[in-house]
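Participant: Provided herewith is a single structure, encoded as structure tokens, for subsequent inquiry.
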Amino acid sequence: MPRPALHLAVEIDGDGAHPAAWRRAAHAPGELLSPRRLARTAAAAENAGFALVTLEDSILPPGSADGTGPVGRIGAVERAAFAAASTSVLGVAPVLATTYAEPFHVSSQLASLDHVSAGRAGWVVGAEEDPAAARAWGRPVVGGADAIAREARDGLRVVRDLWDSWEDDAVIRSVATSRYLDRSRLHYVDFEGETYSVKGPSIVPRPPQGRPVVLAPAGLVPAELTDVALVGAAGAAAGAPLAFAEVEVALDTPRETARERIADLERYAPWEGRPDRLRYTGPAAGLVELLAELGGHVDGVRLRPLVLDEDLSALSRLVLPELFVRRLAARPLPGTTLRASLGLPRPLSRFTTAGAAVPAPEETR
């Protein structure tokens with residue numbers, strides 16, 4: 001039996017996975033946040049055959065430890081919307097944390113992104129662990145792994161329920177009867193958590209995908225609430241429909257080896273390892289073989305290039321074409337949603353056959 005083809009994702013935030021990657025970027029430092037650069041990077045990822053790009057985010061600036069790196073970023077949702085408008089088949093998944101942000105707002109942002117991208121939106125569930133994030137939000141600190149996991153879990157439940165709070169046929173747009181909505185098909189979510197409650201329904205109609213694709217680090221939230229678990233090793237994603245391995249990548253280039261490129265950047269800051277990620281350094285052929293091996297254990301990979309401008313080019317020329325020739329990876333198909341590209345079914349609203357409908361205005365008086 002042939003193995004299922006890998007789904008390919010790539011992180012395109014900033015200039016790369018190394019904190020000093022900006023020093024080797026192909027653009028001037030002032031162009032980092034320009035729309036032209038974002039559009040160029042998203043188009044390069046789409047043309048290479050990636051199914052999905054992700055965009056890191058935080059309320060805190062991404063500044064490097066020595067204080068000399070970039071200290072600002074544009075919101076991931078806004079960048080994702082722009083990237084979606086600049087592409088046609090590429091999935092776009094911003095990182096959003098509900099540690100301090102209101103899940104109602106997160107739900108509305110992501111539902112809107114799914115509408116403007118015609119069903120190509122995803123969500124990487126994040127968590128804010130730095131107490132400075134609480135100060136930036138003006139909120140009490142959420143301290144400890146259990147509390148952070150609770151806020152991520154509760155936030156995800158609320159967001160999913162709000163996406164479901166409009167049934168698929170709630171919008172009827174009937175000129176003859178002057179009715180835009182069938183109010184019986186809007187529902188309260190009635191969420192009661194340990195730290196907040198949400199009534200609902202959403203202010204945004206149900207997303208084209210039903211629910212945008214949810215990706216989350218394995219162990220952060222219940223796997224059954226996610227579509228894709230982000231893992232560092234095989235066998236760590238029980239319960240999630242799909243598992244994507246996290247792989248940091250530094251490739252040899254025509255002028256320098258990966259080790260030489262890393263050594264050049266290590267003069268400014270270390271490339272610290274993460275236990276939840278694999279790392280590959282070396283020639284493109286070796287990465288192809290690693291991904292071929294991973295294909296027997298996971299459904300996809302999210303690649304984190306050392307320097308985006310250098311490694312994305314090498315991936316596009318030397319890695320992805322070989323994967324496609326050997327049928328080790330799957331290309332996204334034109335005219336499909338991100339869910340369809342990943343082989344995920346479109347979920348029904350959980351309120352379709354049960355739940356309390358929102359009463360008409362006269363019934364609430």
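The chains in the structure tokens are called A, B, ... from first to last as shown; in each chain the residues are counted from 1, and the ligands are counted from 1 in the order shown.
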List every residue of segment 49-220 of chain A that DSSP, applied to the backbone of this structure, places in strand (DSSP E), and write the result as a PyMOL selection string.

Facilitator: chain A and resi 52-55+91-97+122-126+171-174+179-181+191-192+197-198+213-217

Participant: Keeping N, CA, C and O atoms, export the residues of the selection given above as a compact mmCIF listing (two decimals), in the first residue's frame.

Facilitator:
```txt
# COMPACT_ATOMS: atom_id res chain seq x y z
N LEU A 52 0.04 25.34 3.07
CA LEU A 52 -0.31 26.22 4.18
C LEU A 52 0.88 27.04 4.62
O LEU A 52 2.01 26.52 4.67
N VAL A 53 0.64 28.31 4.92
CA VAL A 53 1.65 29.12 5.63
C VAL A 53 1.07 29.49 6.99
O VAL A 53 -0.14 29.68 7.14
N THR A 54 1.94 29.56 7.98
CA THR A 54 1.54 30.02 9.31
C THR A 54 2.29 31.31 9.62
O THR A 54 3.36 31.58 9.07
N LEU A 55 1.69 32.12 10.51
CA LEU A 55 2.25 33.42 10.85
C LEU A 55 2.25 33.58 12.36
O LEU A 55 1.20 33.68 12.99
N GLY A 91 -3.36 27.95 1.94
CA GLY A 91 -3.99 28.13 3.24
C GLY A 91 -3.20 29.12 4.08
O GLY A 91 -1.97 29.21 3.96
N VAL A 92 -3.89 29.87 4.93
CA VAL A 92 -3.24 30.88 5.77
C VAL A 92 -3.72 30.68 7.21
O VAL A 92 -4.91 30.66 7.48
N ALA A 93 -2.76 30.53 8.14
CA ALA A 93 -3.11 30.23 9.53
C ALA A 93 -2.32 31.12 10.48
O ALA A 93 -1.13 30.86 10.73
N PRO A 94 -2.94 32.18 11.02
CA PRO A 94 -2.25 33.00 12.01
C PRO A 94 -2.23 32.32 13.37
O PRO A 94 -3.10 31.50 13.69
N VAL A 95 -1.23 32.67 14.16
CA VAL A 95 -1.18 32.26 15.56
C VAL A 95 -1.97 33.27 16.38
O VAL A 95 -1.77 34.48 16.26
N LEU A 96 -2.90 32.79 17.19
CA LEU A 96 -3.66 33.65 18.10
C LEU A 96 -3.78 32.94 19.43
O LEU A 96 -4.11 31.75 19.49
N ALA A 97 -3.51 33.67 20.50
CA ALA A 97 -3.64 33.13 21.85
C ALA A 97 -4.87 33.73 22.52
O ALA A 97 -5.17 34.91 22.35
N GLY A 122 -6.90 28.94 8.60
CA GLY A 122 -6.61 28.05 9.71
C GLY A 122 -6.32 28.89 10.94
O GLY A 122 -6.28 30.12 10.89
N TRP A 123 -6.12 28.22 12.06
CA TRP A 123 -5.79 28.90 13.32
C TRP A 123 -4.78 28.05 14.07
O TRP A 123 -5.05 26.88 14.36
N VAL A 124 -3.64 28.64 14.35
CA VAL A 124 -2.67 27.99 15.23
C VAL A 124 -2.92 28.50 16.64
O VAL A 124 -2.72 29.68 16.93
N VAL A 125 -3.39 27.62 17.51
CA VAL A 125 -3.73 28.01 18.88
C VAL A 125 -2.44 28.31 19.63
O VAL A 125 -1.53 27.47 19.72
N GLY A 126 -2.34 29.53 20.16
CA GLY A 126 -1.16 29.93 20.89
C GLY A 126 -1.42 30.11 22.37
O GLY A 126 -2.57 29.97 22.84
N VAL A 171 -28.61 32.36 7.01
CA VAL A 171 -28.76 33.54 6.16
C VAL A 171 -29.63 33.16 4.97
O VAL A 171 -29.25 32.30 4.16
N ILE A 172 -30.81 33.79 4.85
CA ILE A 172 -31.74 33.41 3.79
C ILE A 172 -31.87 34.49 2.71
O ILE A 172 -32.22 34.20 1.58
N ARG A 173 -31.61 35.76 3.04
CA ARG A 173 -31.60 36.87 2.07
C ARG A 173 -32.85 36.85 1.18
O ARG A 173 -32.78 36.86 -0.05
N SER A 174 -34.02 36.83 1.80
CA SER A 174 -35.27 36.79 1.05
C SER A 174 -35.81 38.20 0.84
O SER A 174 -36.27 38.86 1.78
N ARG A 179 -36.70 39.31 4.77
CA ARG A 179 -35.98 38.62 5.85
C ARG A 179 -34.57 38.30 5.39
O ARG A 179 -34.38 37.69 4.33
N TYR A 180 -33.60 38.71 6.18
CA TYR A 180 -32.20 38.38 5.89
C TYR A 180 -31.78 37.13 6.64
O TYR A 180 -31.01 36.32 6.14
N LEU A 181 -32.32 36.95 7.86
CA LEU A 181 -31.93 35.84 8.72
C LEU A 181 -33.12 35.01 9.12
O LEU A 181 -34.23 35.53 9.30
N PHE A 191 -21.63 29.52 27.28
CA PHE A 191 -20.42 28.94 27.87
C PHE A 191 -20.19 29.51 29.26
O PHE A 191 -20.23 30.72 29.47
N GLU A 192 -19.91 28.64 30.22
CA GLU A 192 -19.56 29.02 31.59
C GLU A 192 -18.23 28.38 31.95
O GLU A 192 -18.14 27.16 32.12
N SER A 197 -17.61 33.93 31.15
CA SER A 197 -18.74 33.29 30.48
C SER A 197 -19.02 34.02 29.18
O SER A 197 -18.73 35.21 29.05
N VAL A 198 -19.58 33.31 28.22
CA VAL A 198 -19.92 33.88 26.91
C VAL A 198 -21.31 33.41 26.54
O VAL A 198 -21.61 32.21 26.58
N VAL A 213 -9.57 25.44 9.98
CA VAL A 213 -8.73 24.34 10.45
C VAL A 213 -7.97 24.78 11.70
O VAL A 213 -7.30 25.82 11.70
N VAL A 214 -8.07 23.99 12.76
CA VAL A 214 -7.42 24.31 14.03
C VAL A 214 -6.17 23.46 14.19
O VAL A 214 -6.22 22.23 14.16
N LEU A 215 -5.04 24.16 14.36
CA LEU A 215 -3.76 23.50 14.64
C LEU A 215 -3.33 23.89 16.04
O LEU A 215 -3.53 25.04 16.46
N ALA A 216 -2.75 22.97 16.78
CA ALA A 216 -2.32 23.28 18.15
C ALA A 216 -1.14 22.40 18.53
O ALA A 216 -1.07 21.23 18.12
N PRO A 217 -0.21 22.94 19.32
CA PRO A 217 0.88 22.10 19.84
C PRO A 217 0.31 20.94 20.64
O PRO A 217 -0.63 21.12 21.44
```

Participant: Using only C-alpha atoms, which residues sit within 10 Å of segment 108-120 of chain A once same-chain residues fewer than 2 positions away are excluded, as JSON, numbers by chain?

Facilitator: {"A": [51, 52, 77, 78, 80, 81, 82, 83, 84, 85, 86, 87, 88, 89, 90, 91, 92, 93, 94, 96, 103, 104, 105, 106, 122, 123, 159, 162, 163, 202, 203, 204, 205, 206, 207, 208, 209, 210, 211, 212, 213, 335, 336, 337, 338, 339, 340, 341]}

Participant: Just the number, please: distance in Å from atom CA of Leu290 of chain A to atom CA of Leu230 of chain A, one decimal.

Facilitator: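 Taking atom CA of Leu290 of chain A as the start and atom CA of Leu230 of chain A as the end point, the length is 17.1 Å.
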
Participant: Report, in Å to a single decimal, how far apart atom CA of Arg37 of chain A and atom CA of Gly16 of chain A are.

Facilitator: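 Interatomic distance here is 13.5 Å.
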
Participant: To test your reading of the structure, identify every residue in segment 221-364 of chain A that backbone DSSP assigns to alpha helix (DSSP H), and report it as a PDB file with N, CA, C and O atoms, in the first residue's frame.

Facilitator:
```
ATOM      1  N   ALA A 258      25.154  24.639   5.325  1.00  0.00           N
ATOM      2  CA  ALA A 258      24.240  25.008   6.405  1.00  0.00           C
ATOM      3  C   ALA A 258      25.013  25.327   7.681  1.00  0.00           C
ATOM      4  O   ALA A 258      24.685  26.283   8.394  1.00  0.00           O
ATOM      5  N   ARG A 259      26.024  24.558   7.967  1.00  0.00           N
ATOM      6  CA  ARG A 259      26.819  24.795   9.180  1.00  0.00           C
ATOM      7  C   ARG A 259      27.507  26.159   9.129  1.00  0.00           C
ATOM      8  O   ARG A 259      27.601  26.860  10.134  1.00  0.00           O
ATOM      9  N   GLU A 260      28.012  26.530   7.956  1.00  0.00           N
ATOM     10  CA  GLU A 260      28.649  27.842   7.825  1.00  0.00           C
ATOM     11  C   GLU A 260      27.639  28.967   7.990  1.00  0.00           C
ATOM     12  O   GLU A 260      27.933  29.995   8.628  1.00  0.00           O
ATOM     13  N   ARG A 261      26.457  28.786   7.470  1.00  0.00           N
ATOM     14  CA  ARG A 261      25.411  29.808   7.614  1.00  0.00           C
ATOM     15  C   ARG A 261      25.005  29.963   9.074  1.00  0.00           C
ATOM     16  O   ARG A 261      24.813  31.076   9.569  1.00  0.00           O
ATOM     17  N   ILE A 262      24.841  28.835   9.766  1.00  0.00           N
ATOM     18  CA  ILE A 262      24.482  28.895  11.187  1.00  0.00           C
ATOM     19  C   ILE A 262      25.587  29.558  11.991  1.00  0.00           C
ATOM     20  O   ILE A 262      25.332  30.412  12.847  1.00  0.00           O
ATOM     21  N   ALA A 263      26.835  29.186  11.717  1.00  0.00           N
ATOM     22  CA  ALA A 263      27.968  29.768  12.450  1.00  0.00           C
ATOM     23  C   ALA A 263      28.023  31.272  12.259  1.00  0.00           C
ATOM     24  O   ALA A 263      28.348  32.023  13.201  1.00  0.00           O
ATOM     25  N   ASP A 264      27.684  31.734  11.068  1.00  0.00           N
ATOM     26  CA  ASP A 264      27.672  33.173  10.807  1.00  0.00           C
ATOM     27  C   ASP A 264      26.654  33.873  11.700  1.00  0.00           C
ATOM     28  O   ASP A 264      26.931  34.943  12.269  1.00  0.00           O
ATOM     29  N   LEU A 265      25.490  33.271  11.870  1.00  0.00           N
ATOM     30  CA  LEU A 265      24.443  33.883  12.699  1.00  0.00           C
ATOM     31  C   LEU A 265      24.710  33.698  14.188  1.00  0.00           C
ATOM     32  O   LEU A 265      24.293  34.542  15.000  1.00  0.00           O
ATOM     33  N   GLU A 266      25.397  32.627  14.549  1.00  0.00           N
ATOM     34  CA  GLU A 266      25.674  32.371  15.964  1.00  0.00           C
ATOM     35  C   GLU A 266      26.624  33.417  16.554  1.00  0.00           C
ATOM     36  O   GLU A 266      26.752  33.529  17.773  1.00  0.00           O
ATOM     37  N   ALA A 284      19.992  19.448   0.580  1.00  0.00           N
ATOM     38  CA  ALA A 284      18.561  19.281   0.305  1.00  0.00           C
ATOM     39  C   ALA A 284      18.173  17.808   0.204  1.00  0.00           C
ATOM     40  O   ALA A 284      17.099  17.404   0.656  1.00  0.00           O
ATOM     41  N   ALA A 285      19.054  16.997  -0.386  1.00  0.00           N
ATOM     42  CA  ALA A 285      18.734  15.575  -0.550  1.00  0.00           C
ATOM     43  C   ALA A 285      18.499  14.893   0.787  1.00  0.00           C
ATOM     44  O   ALA A 285      17.633  14.012   0.910  1.00  0.00           O
ATOM     45  N   GLY A 286      19.244  15.294   1.794  1.00  0.00           N
ATOM     46  CA  GLY A 286      19.052  14.713   3.118  1.00  0.00           C
ATOM     47  C   GLY A 286      17.708  15.083   3.714  1.00  0.00           C
ATOM     48  O   GLY A 286      17.075  14.261   4.401  1.00  0.00           O
ATOM     49  N   LEU A 287      17.250  16.297   3.463  1.00  0.00           N
ATOM     50  CA  LEU A 287      15.935  16.698   3.965  1.00  0.00           C
ATOM     51  C   LEU A 287      14.837  15.911   3.262  1.00  0.00           C
ATOM     52  O   LEU A 287      13.858  15.502   3.898  1.00  0.00           O
ATOM     53  N   VAL A 288      14.993  15.692   1.983  1.00  0.00           N
ATOM     54  CA  VAL A 288      14.016  14.875   1.248  1.00  0.00           C
ATOM     55  C   VAL A 288      13.892  13.502   1.896  1.00  0.00           C
ATOM     56  O   VAL A 288      12.784  12.989   2.109  1.00  0.00           O
ATOM     57  N   GLU A 289      15.018  12.890   2.224  1.00  0.00           N
ATOM     58  CA  GLU A 289      14.982  11.557   2.826  1.00  0.00           C
ATOM     59  C   GLU A 289      14.373  11.591   4.225  1.00  0.00           C
ATOM     60  O   GLU A 289      13.640  10.680   4.615  1.00  0.00           O
ATOM     61  N   LEU A 290      14.664  12.649   4.994  1.00  0.00           N
ATOM     62  CA  LEU A 290      14.058  12.781   6.319  1.00  0.00           C
ATOM     63  C   LEU A 290      12.543  12.884   6.201  1.00  0.00           C
ATOM     64  O   LEU A 290      11.800  12.227   6.945  1.00  0.00           O
ATOM     65  N   LEU A 291      12.069  13.704   5.263  1.00  0.00           N
ATOM     66  CA  LEU A 291      10.625  13.867   5.097  1.00  0.00           C
ATOM     67  C   LEU A 291       9.985  12.579   4.590  1.00  0.00           C
ATOM     68  O   LEU A 291       8.859  12.252   4.978  1.00  0.00           O
ATOM     69  N   ALA A 292      10.709  11.857   3.747  1.00  0.00           N
ATOM     70  CA  ALA A 292      10.194  10.560   3.300  1.00  0.00           C
ATOM     71  C   ALA A 292      10.025   9.613   4.478  1.00  0.00           C
ATOM     72  O   ALA A 292       9.032   8.873   4.574  1.00  0.00           O
ATOM     73  N   GLU A 293      10.977   9.637   5.403  1.00  0.00           N
ATOM     74  CA  GLU A 293      10.887   8.790   6.595  1.00  0.00           C
ATOM     75  C   GLU A 293       9.749   9.248   7.511  1.00  0.00           C
ATOM     76  O   GLU A 293       8.987   8.426   8.034  1.00  0.00           O
ATOM     77  N   LEU A 294       9.616  10.562   7.688  1.00  0.00           N
ATOM     78  CA  LEU A 294       8.539  11.079   8.530  1.00  0.00           C
ATOM     79  C   LEU A 294       7.169  10.733   7.965  1.00  0.00           C
ATOM     80  O   LEU A 294       6.199  10.590   8.708  1.00  0.00           O
ATOM     81  N   LEU A 308      14.507  32.881   5.997  1.00  0.00           N
ATOM     82  CA  LEU A 308      13.406  32.669   5.064  1.00  0.00           C
ATOM     83  C   LEU A 308      13.815  32.925   3.619  1.00  0.00           C
ATOM     84  O   LEU A 308      13.536  32.113   2.726  1.00  0.00           O
ATOM     85  N   ASP A 309      14.486  34.029   3.360  1.00  0.00           N
ATOM     86  CA  ASP A 309      14.846  34.367   1.980  1.00  0.00           C
ATOM     87  C   ASP A 309      15.787  33.358   1.350  1.00  0.00           C
ATOM     88  O   ASP A 309      15.748  33.128   0.146  1.00  0.00           O
ATOM     89  N   GLU A 310      16.645  32.743   2.143  1.00  0.00           N
ATOM     90  CA  GLU A 310      17.608  31.769   1.616  1.00  0.00           C
ATOM     91  C   GLU A 310      17.015  30.365   1.554  1.00  0.00           C
ATOM     92  O   GLU A 310      17.114  29.674   0.528  1.00  0.00           O
ATOM     93  N   ASP A 311      16.413  29.922   2.646  1.00  0.00           N
ATOM     94  CA  ASP A 311      15.964  28.532   2.711  1.00  0.00           C
ATOM     95  C   ASP A 311      14.678  28.291   1.935  1.00  0.00           C
ATOM     96  O   ASP A 311      14.485  27.196   1.397  1.00  0.00           O
ATOM     97  N   LEU A 312      13.775  29.269   1.864  1.00  0.00           N
ATOM     98  CA  LEU A 312      12.557  29.073   1.084  1.00  0.00           C
ATOM     99  C   LEU A 312      12.892  28.876  -0.393  1.00  0.00           C
ATOM    100  O   LEU A 312      12.279  28.057  -1.084  1.00  0.00           O
ATOM    101  N   SER A 313      13.902  29.605  -0.862  1.00  0.00           N
ATOM    102  CA  SER A 313      14.342  29.422  -2.248  1.00  0.00           C
ATOM    103  C   SER A 313      14.888  28.020  -2.466  1.00  0.00           C
ATOM    104  O   SER A 313      14.575  27.351  -3.463  1.00  0.00           O
ATOM    105  N   ALA A 314      15.716  27.552  -1.530  1.00  0.00           N
ATOM    106  CA  ALA A 314      16.278  26.205  -1.657  1.00  0.00           C
ATOM    107  C   ALA A 314      15.188  25.139  -1.564  1.00  0.00           C
ATOM    108  O   ALA A 314      15.210  24.136  -2.298  1.00  0.00           O
ATOM    109  N   LEU A 320      10.929  20.483  -2.571  1.00  0.00           N
ATOM    110  CA  LEU A 320       9.545  20.193  -2.925  1.00  0.00           C
ATOM    111  C   LEU A 320       9.391  19.531  -4.288  1.00  0.00           C
ATOM    112  O   LEU A 320       8.606  18.581  -4.423  1.00  0.00           O
ATOM    113  N   PRO A 321      10.127  19.966  -5.341  1.00  0.00           N
ATOM    114  CA  PRO A 321       9.981  19.256  -6.615  1.00  0.00           C
ATOM    115  C   PRO A 321      10.290  17.762  -6.513  1.00  0.00           C
ATOM    116  O   PRO A 321       9.599  16.934  -7.112  1.00  0.00           O
ATOM    117  N   GLU A 322      11.316  17.409  -5.737  1.00  0.00           N
ATOM    118  CA  GLU A 322      11.658  15.998  -5.573  1.00  0.00           C
ATOM    119  C   GLU A 322      10.564  15.255  -4.807  1.00  0.00           C
ATOM    120  O   GLU A 322      10.240  14.100  -5.131  1.00  0.00           O
ATOM    121  N   LEU A 323       9.991  15.906  -3.812  1.00  0.00           N
ATOM    122  CA  LEU A 323       8.890  15.283  -3.065  1.00  0.00           C
ATOM    123  C   LEU A 323       7.696  15.016  -3.973  1.00  0.00           C
ATOM    124  O   LEU A 323       7.054  13.963  -3.885  1.00  0.00           O
ATOM    125  N   PHE A 324       7.390  15.958  -4.856  1.00  0.00           N
ATOM    126  CA  PHE A 324       6.250  15.782  -5.750  1.00  0.00           C
ATOM    127  C   PHE A 324       6.525  14.713  -6.804  1.00  0.00           C
ATOM    128  O   PHE A 324       5.653  13.902  -7.130  1.00  0.00           O
ATOM    129  N   VAL A 325       7.750  14.690  -7.336  1.00  0.00           N
ATOM    130  CA  VAL A 325       8.110  13.676  -8.324  1.00  0.00           C
ATOM    131  C   VAL A 325       7.988  12.278  -7.726  1.00  0.00           C
ATOM    132  O   VAL A 325       7.484  11.347  -8.372  1.00  0.00           O
ATOM    133  N   LEU A 338      -9.142  24.865   2.562  1.00  0.00           N
ATOM    134  CA  LEU A 338      -8.012  24.265   3.269  1.00  0.00           C
ATOM    135  C   LEU A 338      -8.393  22.907   3.820  1.00  0.00           C
ATOM    136  O   LEU A 338      -7.594  21.958   3.771  1.00  0.00           O
ATOM    137  N   ARG A 339      -9.597  22.783   4.338  1.00  0.00           N
ATOM    138  CA  ARG A 339     -10.045  21.475   4.848  1.00  0.00           C
ATOM    139  C   ARG A 339      -9.981  20.419   3.751  1.00  0.00           C
ATOM    140  O   ARG A 339      -9.504  19.302   3.974  1.00  0.00           O
ATOM    141  N   ALA A 340     -10.471  20.762   2.573  1.00  0.00           N
ATOM    142  CA  ALA A 340     -10.467  19.794   1.475  1.00  0.00           C
ATOM    143  C   ALA A 340      -9.043  19.442   1.079  1.00  0.00           C
ATOM    144  O   ALA A 340      -8.732  18.281   0.796  1.00  0.00           O
ATOM    145  N   SER A 341      -8.154  20.437   1.052  1.00  0.00           N
ATOM    146  CA  SER A 341      -6.760  20.178   0.701  1.00  0.00           C
ATOM    147  C   SER A 341      -6.114  19.198   1.676  1.00  0.00           C
ATOM    148  O   SER A 341      -5.278  18.379   1.293  1.00  0.00           O
ATOM    149  N   PRO A 361     -36.916  39.366  18.482  1.00  0.00           N
ATOM    150  CA  PRO A 361     -36.925  40.501  19.403  1.00  0.00           C
ATOM    151  C   PRO A 361     -38.168  40.577  20.275  1.00  0.00           C
ATOM    152  O   PRO A 361     -38.080  40.853  21.475  1.00  0.00           O
ATOM    153  N   GLU A 362     -39.360  40.322  19.700  1.00  0.00           N
ATOM    154  CA  GLU A 362     -40.567  40.444  20.508  1.00  0.00           C
ATOM    155  C   GLU A 362     -40.635  39.402  21.619  1.00  0.00           C
ATOM    156  O   GLU A 362     -41.331  39.590  22.621  1.00  0.00           O
ATOM    157  N   GLU A 363     -39.896  38.291  21.444  1.00  0.00           N
ATOM    158  CA  GLU A 363     -39.936  37.232  22.444  1.00  0.00           C
ATOM    159  C   GLU A 363     -39.012  37.530  23.619  1.00  0.00           C
ATOM    160  O   GLU A 363     -39.100  36.860  24.643  1.00  0.00           O
ATOM    161  N   THR A 364     -38.109  38.504  23.468  1.00  0.00           N
ATOM    162  CA  THR A 364     -37.150  38.767  24.523  1.00  0.00           C
ATOM    163  C   THR A 364     -37.624  39.859  25.474  1.00  0.00           C
ATOM    164  O   THR A 364     -36.983  40.125  26.473  1.00  0.00           O
TER     165      THR A 364
END
```

Participant: Quick one: of A:Asp190, A:Glu272, A:Glu246, A:Asp164, who's nearest to Gly300 of chain A, counting only C-alpha atoms?

Facilitator: A:Glu246

Participant: Can you pull out every residue within 10 Å of Tyr196 of chain A, counting only C-alpha atoms, but drop anything in the same chain fewer than 5 positions away, and send it as a PyMOL selection string?

Facilitator: chain A and resi 102+151+154-155+191

Participant: What's the 10 Å shell around segment 136-149 of chain A, counting only C-alpha atoms, without same-chain residues fewer than 4 positions away, as a list in words?

Facilitator: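 Contacts, with the query itself left out: Ile59, Leu60, Ala97, Thr98, Thr99, Tyr100, Ala101, Gly126, Ala127, Glu128, Glu129, Asp130, Pro131, Ala132, Arg153, Asp154, Gly155, Gly219, Leu220, Val221 and Pro222 of chain A.
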